[in-house]
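Trainee: Have a look at this one before I ask anything.
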Amino acid sequence: MLPETLAFTLEVTAPVFLLVFLGLFFARIGWINDEFNRVASRLVFNVTLPLLVFLSLVKTDLDKVFVPELLGYVALVTLLAFIWLVWRAKRLEDPADRGVFVQGAFRGNLGIVGLALAGNQYGEAGVALASILLALLIVQYNLLSVVALSLWRHAGGINWPRMGLDVLRNPLIIAVFLAIPFSLLDWPLPEAGMRTAEYLASMTLPLALLCIGAALDLRALRKTSRTALSSTVYKLVLLPVPMVLGAWLLGYEGLTLGVLFLVFSSPTAAASYVMARAMGGNAVLAANIVALTTLLSTLSISLGVFILRFIGLS
């Protein structure tokens, strides 16, 4: 049982993180530069990733994956984690570190790493469930991130109308809402259009994972602080463990529990660096957290997948 479980774990996690490290390697030898990364990331965010989410939902029976109670649980534990982190952040001396610490500890990279891992482990059903959770958490993460980064700012406030408009214009949110009627009403799609969309969607995860690796700044790790390490531990261990345990106590198991673990334990989203920089937070700290969680999640997620598989819960 142990060798089989280990082999399964490597099949799920190794391809994802190998692509990340390949992206890092390609950037170091000059095969991927900043301009390529910028253009490719924009293509993924605006076109290929929304198509991947759309196709996954269209091909899935939403009655089986859309569970209001599950969405409620995910939203609740995310909010509770946020409140706990805000309380913990008050102990940090520098106000510019507090919101960055909070955001780094709860905002996961679901759109790329979470979807890739869910697809590797559970196929289209895993991607569909992760996409439903992604639609909820994109909204919640953006709202809570703005709140976290605004709490300790001396000037300015939260521009709620603009933030609401940004959320509504998010291509992933649009993809989810467009896919729902096609799935529920079984509307047909042109074969040529479906095939073209599938070609584009198939580019998403390899290209996005290479971009994540290429964007990693290992030099930032030299400036790693105790705050960055603390936020990383929360993101990869101290929050996912009770969240998954709570879901198990509520009776979730199998695909649902496995996807929840992958969602909760995904490394910090690179967008957190952009938001921290734009809102006056400690951008160096944000970059450190992204790099640390991305690198260390190769171990934490692999260990989590192994344990859940070994004890028969996923």
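Here, A, B, ... name the chains of the structure tokens in the order displayed, residue numbers run from 1 inside each chain, and ligands are numbered from 1 in the same displayed order.
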Within 8 Å of range 284-289 of chain A, counting only C-alpha atoms, which residues show up once you throw out same-chain ones fewer than 4 positions away? Write them as a VMD selection string, please.
Mentor: chain A and resid 97 100 to 101 104 217 220 to 221 223 to 225 227 to 229 231 to 232 268 270 272 to 273 276 293
Trainee: If you keep all heavy atoms, can you produce a file of those selected residues as a tab-separated table (two decimals), in the first residue's frame?
Mentor:
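Now in selection04.tsv:
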```tsv
chain	number	residue	atom	x	y	z
A	97	ASP	N	3.55	45.82	7.13
A	97	ASP	CA	3.70	44.37	7.07
A	97	ASP	C	2.38	43.64	7.37
A	97	ASP	O	2.21	42.49	6.96
A	97	ASP	CB	4.74	43.89	8.08
A	97	ASP	CG	6.15	44.29	7.70
A	97	ASP	OD1	6.34	44.80	6.58
A	97	ASP	OD2	7.06	44.09	8.53
A	100	VAL	N	-0.07	42.67	4.43
A	100	VAL	CA	0.64	41.74	3.55
A	100	VAL	C	0.73	40.36	4.19
A	100	VAL	O	0.55	39.33	3.52
A	100	VAL	CB	2.04	42.28	3.21
A	100	VAL	CG1	2.84	41.27	2.40
A	100	VAL	CG2	1.93	43.60	2.46
A	101	PHE	N	1.01	40.34	5.49
A	101	PHE	CA	1.04	39.07	6.23
A	101	PHE	C	-0.30	38.36	6.14
A	101	PHE	O	-0.37	37.16	5.87
A	101	PHE	CB	1.40	39.36	7.70
A	101	PHE	CG	1.08	38.23	8.64
A	101	PHE	CD1	1.95	37.17	8.80
A	101	PHE	CD2	-0.11	38.22	9.36
A	101	PHE	CE1	1.65	36.12	9.66
A	101	PHE	CE2	-0.41	37.19	10.23
A	101	PHE	CZ	0.47	36.13	10.39
A	104	GLY	N	-1.07	37.19	2.47
A	104	GLY	CA	-0.20	36.07	2.07
A	104	GLY	C	-0.59	34.76	2.71
A	104	GLY	O	-0.35	33.69	2.14
A	217	ASP	N	11.36	35.03	-7.82
A	217	ASP	CA	12.60	35.78	-7.59
A	217	ASP	C	13.30	35.17	-6.37
A	217	ASP	O	12.99	35.51	-5.23
A	217	ASP	CB	12.28	37.26	-7.33
A	217	ASP	CG	13.54	38.10	-7.18
A	217	ASP	OD1	14.65	37.53	-7.33
A	217	ASP	OD2	13.42	39.30	-6.89
A	220	ALA	N	14.94	37.28	-3.69
A	220	ALA	CA	14.12	37.85	-2.62
A	220	ALA	C	14.20	37.01	-1.35
A	220	ALA	O	14.00	37.52	-0.25
A	220	ALA	CB	12.68	37.99	-3.08
A	221	LEU	N	14.48	35.71	-1.52
A	221	LEU	CA	14.53	34.83	-0.36
A	221	LEU	C	15.68	35.18	0.58
A	221	LEU	O	15.65	34.83	1.75
A	221	LEU	CB	14.65	33.37	-0.81
A	221	LEU	CG	13.46	32.82	-1.60
A	221	LEU	CD1	13.70	31.37	-1.99
A	221	LEU	CD2	12.17	32.95	-0.80
A	223	LYS	N	16.21	37.99	1.65
A	223	LYS	CA	15.67	38.99	2.57
A	223	LYS	C	14.48	38.43	3.36
A	223	LYS	O	13.70	39.17	3.93
A	223	LYS	CB	15.22	40.23	1.79
A	223	LYS	CG	16.33	40.88	0.99
A	223	LYS	CD	15.80	42.06	0.18
A	223	LYS	CE	16.88	42.68	-0.69
A	223	LYS	NZ	16.37	43.80	-1.52
A	224	THR	N	14.36	37.10	3.35
A	224	THR	CA	13.24	36.48	4.05
A	224	THR	C	13.25	36.85	5.52
A	224	THR	O	14.28	36.76	6.19
A	224	THR	CB	13.30	34.95	3.89
A	224	THR	OG1	13.11	34.62	2.53
A	224	THR	CG2	12.19	34.29	4.71
A	225	SER	N	12.10	37.23	6.01
A	225	SER	CA	11.97	37.66	7.39
A	225	SER	C	11.17	36.64	8.20
A	225	SER	O	10.57	35.72	7.65
A	225	SER	CB	11.27	39.02	7.45
A	225	SER	OG	9.94	38.89	6.94
A	227	THR	N	8.48	37.32	9.60
A	227	THR	CA	7.08	37.54	9.22
A	227	THR	C	6.71	36.73	7.99
A	227	THR	O	5.63	36.13	7.93
A	227	THR	CB	6.83	39.04	8.94
A	227	THR	OG1	7.17	39.80	10.12
A	227	THR	CG2	5.37	39.29	8.59
A	228	ALA	N	7.59	36.69	7.00
A	228	ALA	CA	7.34	35.90	5.79
A	228	ALA	C	7.24	34.42	6.12
A	228	ALA	O	6.36	33.70	5.60
A	228	ALA	CB	8.43	36.14	4.76
A	229	LEU	N	8.13	33.94	6.98
A	229	LEU	CA	8.10	32.54	7.38
A	229	LEU	C	6.81	32.21	8.13
A	229	LEU	O	6.20	31.17	7.92
A	229	LEU	CB	9.31	32.21	8.25
A	229	LEU	CG	10.66	32.17	7.53
A	229	LEU	CD1	11.79	32.07	8.53
A	229	LEU	CD2	10.71	30.99	6.56
A	231	SER	N	3.86	33.78	7.89
A	231	SER	CA	2.75	33.77	6.95
A	231	SER	C	2.75	32.49	6.12
A	231	SER	O	1.69	31.92	5.83
A	231	SER	CB	2.86	34.99	6.03
A	231	SER	OG	1.74	35.08	5.16
A	232	THR	N	3.94	32.01	5.75
A	232	THR	CA	4.06	30.78	4.97
A	232	THR	C	3.57	29.58	5.75
A	232	THR	O	2.86	28.72	5.21
A	232	THR	CB	5.53	30.58	4.55
A	232	THR	OG1	5.94	31.66	3.71
A	232	THR	CG2	5.71	29.26	3.81
A	268	THR	N	0.54	30.89	-2.05
A	268	THR	CA	0.01	32.25	-2.16
A	268	THR	C	0.00	32.72	-3.62
A	268	THR	O	0.96	32.53	-4.35
A	268	THR	CB	0.86	33.21	-1.31
A	268	THR	OG1	0.87	32.75	0.04
A	268	THR	CG2	0.29	34.62	-1.35
A	270	ALA	N	0.29	34.96	-6.87
A	270	ALA	CA	1.22	36.02	-7.27
A	270	ALA	C	0.54	37.38	-7.32
A	270	ALA	O	1.20	38.42	-7.14
A	270	ALA	CB	1.82	35.68	-8.64
A	272	SER	N	-1.12	38.68	-5.15
A	272	SER	CA	-1.02	39.34	-3.85
A	272	SER	C	0.13	40.34	-3.83
A	272	SER	O	0.07	41.37	-3.16
A	272	SER	CB	-0.84	38.30	-2.73
A	272	SER	OG	0.39	37.60	-2.90
A	273	TYR	N	1.19	40.04	-4.59
A	273	TYR	CA	2.32	40.98	-4.68
A	273	TYR	C	1.90	42.26	-5.39
A	273	TYR	O	2.20	43.37	-4.95
A	273	TYR	CB	3.48	40.32	-5.42
A	273	TYR	CG	4.55	41.30	-5.86
A	273	TYR	CD1	5.48	41.79	-4.95
A	273	TYR	CD2	4.61	41.74	-7.17
A	273	TYR	CE1	6.46	42.69	-5.35
A	273	TYR	CE2	5.58	42.64	-7.58
A	273	TYR	CZ	6.50	43.11	-6.66
A	273	TYR	OH	7.46	44.02	-7.05
A	276	ALA	N	-0.41	44.27	-3.09
A	276	ALA	CA	0.33	44.86	-1.98
A	276	ALA	C	1.12	46.08	-2.44
A	276	ALA	O	1.14	47.12	-1.76
A	276	ALA	CB	1.27	43.83	-1.36
A	293	THR	N	6.06	30.17	-0.25
A	293	THR	CA	4.93	29.24	-0.29
A	293	THR	C	4.97	28.39	-1.56
A	293	THR	O	4.62	27.19	-1.52
A	293	THR	CB	3.58	29.98	-0.21
A	293	THR	OG1	3.51	30.96	-1.26
A	293	THR	CG2	3.41	30.65	1.13
```
Trainee: Which polymer residues have any atom within 8 Å of an atom of range 83-91 of chain A, counting only C-alpha atoms, with same-chain residues fewer than 3 positions away left out, as a list in words?
Mentor: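 Once the adjacent positions are removed, what remains is Leu79, Leu80, Arg98, Gly99, Phe101, Val102, Ala105 and Ala148 of chain A.
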Trainee: Report, in Å with one decimal, the straight-line distance from CA of Leu189 in chain A to CA of Leu168 in chain A.
Mentor: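 The value is 24.5 Å.
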Trainee: So that each row is one residue of range 188-239 of chain A with an atom at most 12 Å from range 243-246 of chain A, can you give its shortest atom pair and the distance in Å to one decimal, using only C-alpha atoms, rows by chain and rising number, as CSV?
Mentor:
```
residue,atom,partner,partner_atom,distance
A:Tyr234,CA,A:Met243,CA,11.7
A:Lys235,CA,A:Met243,CA,11.4
A:Leu236,CA,A:Met243,CA,11.5
A:Val237,CA,A:Met243,CA,10.1
A:Leu238,CA,A:Met243,CA,9.0
A:Leu239,CA,A:Met243,CA,6.3
```
Trainee: Could you write out, as an MDAnalysis selection string, all the residues of range 21-185 of chain A that DSSP marks as helix (DSSP H, G or I)?
Mentor: chainID A and resid 21:28 34:58 62:65 68:89 95:106 110:151 160:168 171:184
Trainee: With distances taken over only C-alpha atoms, which residue among A:Val274, A:Met194, A:Leu115, A:Val39 lies nearest Val16 in chain A?
Mentor: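 Between A:Val274, A:Met194, A:Leu115, A:Val39, the residue approaching Val16 in chain A most closely is A:Leu115.
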Trainee: For each of A:Leu70, A:Val113, A:Ala192, A:Leu43, take the minimum atom-to-atom distance to Ala14 in chain A, counting only C-alpha atoms, then give the residue where this is smallest.
Mentor: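 Closest candidate: A:Val113.
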Trainee: Could you check which of A:Ala125, A:Leu134, A:Ile174, A:Leu205 is closest to Ala75 in chain A, using only C-alpha atoms?
Mentor: A:Leu134
Trainee: Take CA of Ala118 in chain A and CA of Gly193 in chain A and report the distance between them in Å, one decimal.
Mentor: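 CA of Gly193 in chain A lies at a distance of 25.3 Å from CA of Ala118 in chain A.
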Trainee: Using only C-alpha atoms, determine which residues lie at most 7 Å from range 297-307 of chain A, disregarding the query and same-chain residues fewer than 3 positions distant; provide the list as number ranges by chain.
Mentor: A: 5-6, 9, 13, 17, 236, 265, 267, 293-294, 310-311
